[in-house]
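Participant: Sharing a structure, written as structure tokens. Questions coming.
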Amino acid sequence: MVTTYTENMDWQLDAAELRVLGALLEKEKTTPEYYPMSLNALINACNQKSNREPVVTYDEETVETALDGLRSKGLSSRISGGSRVPKHEHRFTERCNLGRREEAVLCVLMLRGPQTVGELRGRTERLYNFDDLESVEHTLQRLAEIGFVKKLPRQAGYKEQRWAQLLAGDVEEAEEAEVEADAPAQGRGPSDRERIAALEQEVADLKRAFEDFRRNFE
């Protein structure tokens, strides 16, 4: 029997800790000039309305309590230095010995909840540029082997299964019959979620194509 990393962990995140940790991971890559982060910047990152699911309205006390919890678990640290404003940074990837691919996938799962492989590829672009869906799937499989993620049962009305992070505990979702999940074959059109995922993937592909085109003339 294989023992997963999460079975050996002496910690589990609550919802606020998960959001704060995800925001630290995201901002380290997307706005490195403002990282490590002040408390106010971190509150804004947690509460932003884009790229978040669910949208929250955490106050200073909630984020401070989450940071205390993360520090007690060895997943973040406070930096005082010469600045009058303390800054905060994560210790997650070094604590768990994760690479950039695993970090990117987990970050997006922390901030936006369960997602399909296609959604993850489009939404991780700012953090790591996966070549194709197979590389995302391979990364998810590696994370599943150490107990950080799992594939959820297929939902009725959706063609693809979603993946969820397990850092805040197991995710329980009801099993859905395959015949219900295969409803598109009986005339159902794509859902709003599927259309949005397809558009996000199309935008990501266009961005990659433009970057390749631009590099050819540099």
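Residues are referred to by chain and number: the chain letter is A, B, ... according to the order shown in the structure tokens, the number counts from 1 in that chain, and ligands are numbered separately from 1 in the order shown.
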Write out as a PyMOL selection string each polymer residue whose atoms come within 8 Å of region 99-101 of chain A, counting only C-alpha atoms; drop sequence neighbours fewer than 6 positions from it.
Facilitator: chain A and resi 93+128+130+139
Participant: Can you list every residue of region 63-151 of chain A that has an atom at most 6 Å from region 20-36 of chain A, with its nearest atom pair and the distance in Å to one decimal, using only C-alpha atoms, ordered by chain then number, as a Markdown table?
Facilitator:
```
| residue | atom | partner | partner_atom | distance |
| --- | --- | --- | --- | --- |
| A:Lys87 | CA | A:Pro36 | CA | 5.5 |
| A:His88 | CA | A:Pro36 | CA | 5.3 |
| A:Glu89 | CA | A:Pro36 | CA | 5.0 |
| A:Cys107 | CA | A:Gly22 | CA | 5.1 |
| A:Met110 | CA | A:Gly22 | CA | 5.5 |
| A:Leu111 | CA | A:Gly22 | CA | 5.8 |
| A:Leu127 | CA | A:Lys29 | CA | 6.0 |
```
Participant: Kindly save the residues from that selection, with C-alpha atoms included, as a PDB file, in the first residue's frame.
Facilitator:
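The file below, result_31.pdb, is the result:
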```pdb
ATOM      1  CA  LYS A  87       5.728  41.478   4.651  1.00  0.00           C
ATOM      2  CA  HIS A  88       4.527  37.904   4.170  1.00  0.00           C
ATOM      3  CA  GLU A  89       5.748  35.086   1.939  1.00  0.00           C
ATOM      4  CA  CYS A 107      -2.404  27.477  -6.903  1.00  0.00           C
ATOM      5  CA  MET A 110      -6.788  26.717  -4.362  1.00  0.00           C
ATOM      6  CA  LEU A 111      -8.141  29.953  -5.812  1.00  0.00           C
ATOM      7  CA  LEU A 127       2.076  30.889 -13.658  1.00  0.00           C
TER       8      LEU A 127
END
```
Participant: Could you write out, as a list in words, all the residues of region 3-181 of chain A that DSSP marks as strand (DSSP E)?
Facilitator: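 For region 3-181 of chain A, the strand (DSSP E) set is Ser76, Ser77, Arg78, Ile79, Lys87, His88, Glu89, His90, Val149, Lys150, Lys151, Trp163, Ala164 and Gln165 of chain A.
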Participant: Give me a file of those residues, with N, CA and C atoms, as a short mmCIF file (atom, residue, chain, number, x, y, z; two decimals), in the first residue's frame.
Facilitator:
```cif
data_model
loop_
_atom_site.label_atom_id
_atom_site.label_comp_id
_atom_site.auth_asym_id
_atom_site.auth_seq_id
_atom_site.Cartn_x
_atom_site.Cartn_y
_atom_site.Cartn_z
N SER A 76 4.27 29.54 5.78
CA SER A 76 4.52 30.95 5.46
C SER A 76 5.40 31.56 6.53
N SER A 77 5.91 32.75 6.25
CA SER A 77 6.74 33.45 7.22
C SER A 77 6.51 34.95 7.10
N ARG A 78 6.79 35.65 8.21
CA ARG A 78 6.67 37.10 8.24
C ARG A 78 8.07 37.70 8.18
N ILE A 79 8.24 38.72 7.33
CA ILE A 79 9.53 39.37 7.16
C ILE A 79 9.43 40.81 7.66
N LYS A 87 6.11 42.13 5.90
CA LYS A 87 5.73 41.48 4.65
C LYS A 87 5.56 39.97 4.91
N HIS A 88 4.83 39.32 3.99
CA HIS A 88 4.53 37.90 4.17
C HIS A 88 4.87 37.14 2.90
N GLU A 89 5.42 35.94 3.07
CA GLU A 89 5.75 35.09 1.94
C GLU A 89 5.43 33.64 2.29
N HIS A 90 5.21 32.82 1.26
CA HIS A 90 4.89 31.41 1.53
C HIS A 90 6.16 30.57 1.60
N VAL A 149 -4.19 16.02 -4.79
CA VAL A 149 -5.39 16.26 -5.61
C VAL A 149 -6.10 14.93 -5.85
N LYS A 150 -7.34 15.02 -6.32
CA LYS A 150 -8.04 13.83 -6.75
C LYS A 150 -9.02 14.18 -7.86
N LYS A 151 -9.31 13.20 -8.70
CA LYS A 151 -10.29 13.38 -9.77
C LYS A 151 -11.68 13.10 -9.21
N TRP A 163 -10.92 18.07 -11.35
CA TRP A 163 -9.94 17.74 -10.33
C TRP A 163 -10.07 18.73 -9.18
N ALA A 164 -9.80 18.26 -7.95
CA ALA A 164 -9.89 19.11 -6.76
C ALA A 164 -8.65 18.95 -5.91
N GLN A 165 -8.25 20.01 -5.22
CA GLN A 165 -7.14 19.92 -4.27
C GLN A 165 -7.65 19.32 -2.96
#
```
Participant: For Leu133 (chain A), list every protein, DNA or RNA residue within 10 Å, evaluated using only C-alpha atoms, and leave out those in the same chain fewer than 3 positions away; present the list as a VMD selection string.
Facilitator: chain A and resid 117 to 122 130 136 to 139
Participant: Could the residues in this selection be saved with N, CA and C atoms as a PDB file, in the first residue's frame?
Facilitator:
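Listing of result_30.pdb after writing:
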```pdb
ATOM      1  N   VAL A 117      -9.212  19.530 -16.808  1.00  0.00           N
ATOM      2  CA  VAL A 117      -7.843  19.670 -17.313  1.00  0.00           C
ATOM      3  C   VAL A 117      -7.742  20.865 -18.261  1.00  0.00           C
ATOM      4  N   GLY A 118      -8.732  21.029 -19.132  1.00  0.00           N
ATOM      5  CA  GLY A 118      -8.718  22.160 -20.063  1.00  0.00           C
ATOM      6  C   GLY A 118      -8.779  23.495 -19.353  1.00  0.00           C
ATOM      7  N   GLU A 119      -9.606  23.604 -18.336  1.00  0.00           N
ATOM      8  CA  GLU A 119      -9.683  24.851 -17.568  1.00  0.00           C
ATOM      9  C   GLU A 119      -8.354  25.145 -16.887  1.00  0.00           C
ATOM     10  N   LEU A 120      -7.736  24.121 -16.332  1.00  0.00           N
ATOM     11  CA  LEU A 120      -6.460  24.315 -15.640  1.00  0.00           C
ATOM     12  C   LEU A 120      -5.368  24.771 -16.604  1.00  0.00           C
ATOM     13  N   ARG A 121      -5.351  24.215 -17.808  1.00  0.00           N
ATOM     14  CA  ARG A 121      -4.321  24.632 -18.755  1.00  0.00           C
ATOM     15  C   ARG A 121      -4.442  26.115 -19.087  1.00  0.00           C
ATOM     16  N   GLY A 122      -5.677  26.566 -19.349  1.00  0.00           N
ATOM     17  CA  GLY A 122      -5.874  27.975 -19.678  1.00  0.00           C
ATOM     18  C   GLY A 122      -5.595  28.900 -18.517  1.00  0.00           C
ATOM     19  N   PHE A 130       2.009  25.420 -19.864  1.00  0.00           N
ATOM     20  CA  PHE A 130       1.971  24.003 -20.246  1.00  0.00           C
ATOM     21  C   PHE A 130       1.885  23.877 -21.765  1.00  0.00           C
ATOM     22  N   VAL A 136      -0.558  18.744 -18.507  1.00  0.00           N
ATOM     23  CA  VAL A 136      -1.351  19.086 -17.323  1.00  0.00           C
ATOM     24  C   VAL A 136      -1.839  17.816 -16.638  1.00  0.00           C
ATOM     25  N   GLU A 137      -2.333  16.876 -17.460  1.00  0.00           N
ATOM     26  CA  GLU A 137      -2.817  15.599 -16.924  1.00  0.00           C
ATOM     27  C   GLU A 137      -1.703  14.865 -16.194  1.00  0.00           C
ATOM     28  N   HIS A 138      -0.503  14.882 -16.771  1.00  0.00           N
ATOM     29  CA  HIS A 138       0.636  14.202 -16.153  1.00  0.00           C
ATOM     30  C   HIS A 138       0.968  14.837 -14.808  1.00  0.00           C
ATOM     31  N   THR A 139       0.913  16.165 -14.736  1.00  0.00           N
ATOM     32  CA  THR A 139       1.179  16.864 -13.483  1.00  0.00           C
ATOM     33  C   THR A 139       0.127  16.519 -12.438  1.00  0.00           C
TER      34      THR A 139
END
```
Participant: Between CA of Val55 (chain A) and CA of Gln161 (chain A), what is the distance, to one decimal in Å?
Facilitator: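 Taking CA of Val55 (chain A) and CA of Gln161 (chain A), their separation equals 23.1 Å.
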Participant: Tell me which of A:Gln115, A:Ser38, A:Gln12, A:Ser72 sits closest to Arg154 (chain A), counting only C-alpha atoms.
Facilitator: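 Once distances to Arg154 (chain A) are computed over only C-alpha atoms, the minimum belongs to A:Gln115.
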Participant: What's around Lys73 (chain A) at 9 Å? Count only C-alpha atoms, leave out sequence neighbours fewer than 4 positions away in its own chain, and write the answer as a PDB file with C-alpha atoms, in the first residue's frame.
Facilitator:
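Okay, this is what ended up in out_39.pdb:
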```
ATOM      1  CA  ASP A  10       0.275  17.021  10.518  1.00  0.00           C
ATOM      2  CA  TRP A  11      -1.787  19.897   9.148  1.00  0.00           C
ATOM      3  CA  GLN A  12      -4.922  20.655   7.194  1.00  0.00           C
ATOM      4  CA  ASP A  68      -0.861  32.783  11.989  1.00  0.00           C
ATOM      5  CA  GLY A  69      -2.183  29.346  11.063  1.00  0.00           C
TER       6      GLY A  69
END
```
Participant: Just asking: which residues within region 6-150 of chain A are alpha helix (DSSP H) according to DSSP, as JSON, numbers by chain?
Facilitator: {"A": [6, 7, 8, 15, 16, 17, 18, 19, 20, 21, 22, 23, 24, 25, 26, 27, 28, 29, 30, 39, 40, 41, 42, 43, 44, 45, 46, 47, 60, 61, 62, 63, 64, 65, 66, 67, 68, 69, 70, 71, 72, 92, 93, 94, 95, 96, 100, 101, 102, 103, 104, 105, 106, 107, 108, 109, 110, 111, 112, 117, 118, 119, 120, 121, 122, 123, 133, 134, 135, 136, 137, 138, 139, 140, 141, 142, 143, 144, 145]}
Participant: As an exercise, work out the distance from CA of Phe148 (chain A) to CA of Gln48 (chain A) in Å and give it to one decimal place.
Facilitator: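 Atom-to-atom, CA of Phe148 (chain A) to CA of Gln48 (chain A), that is 25.2 Å.
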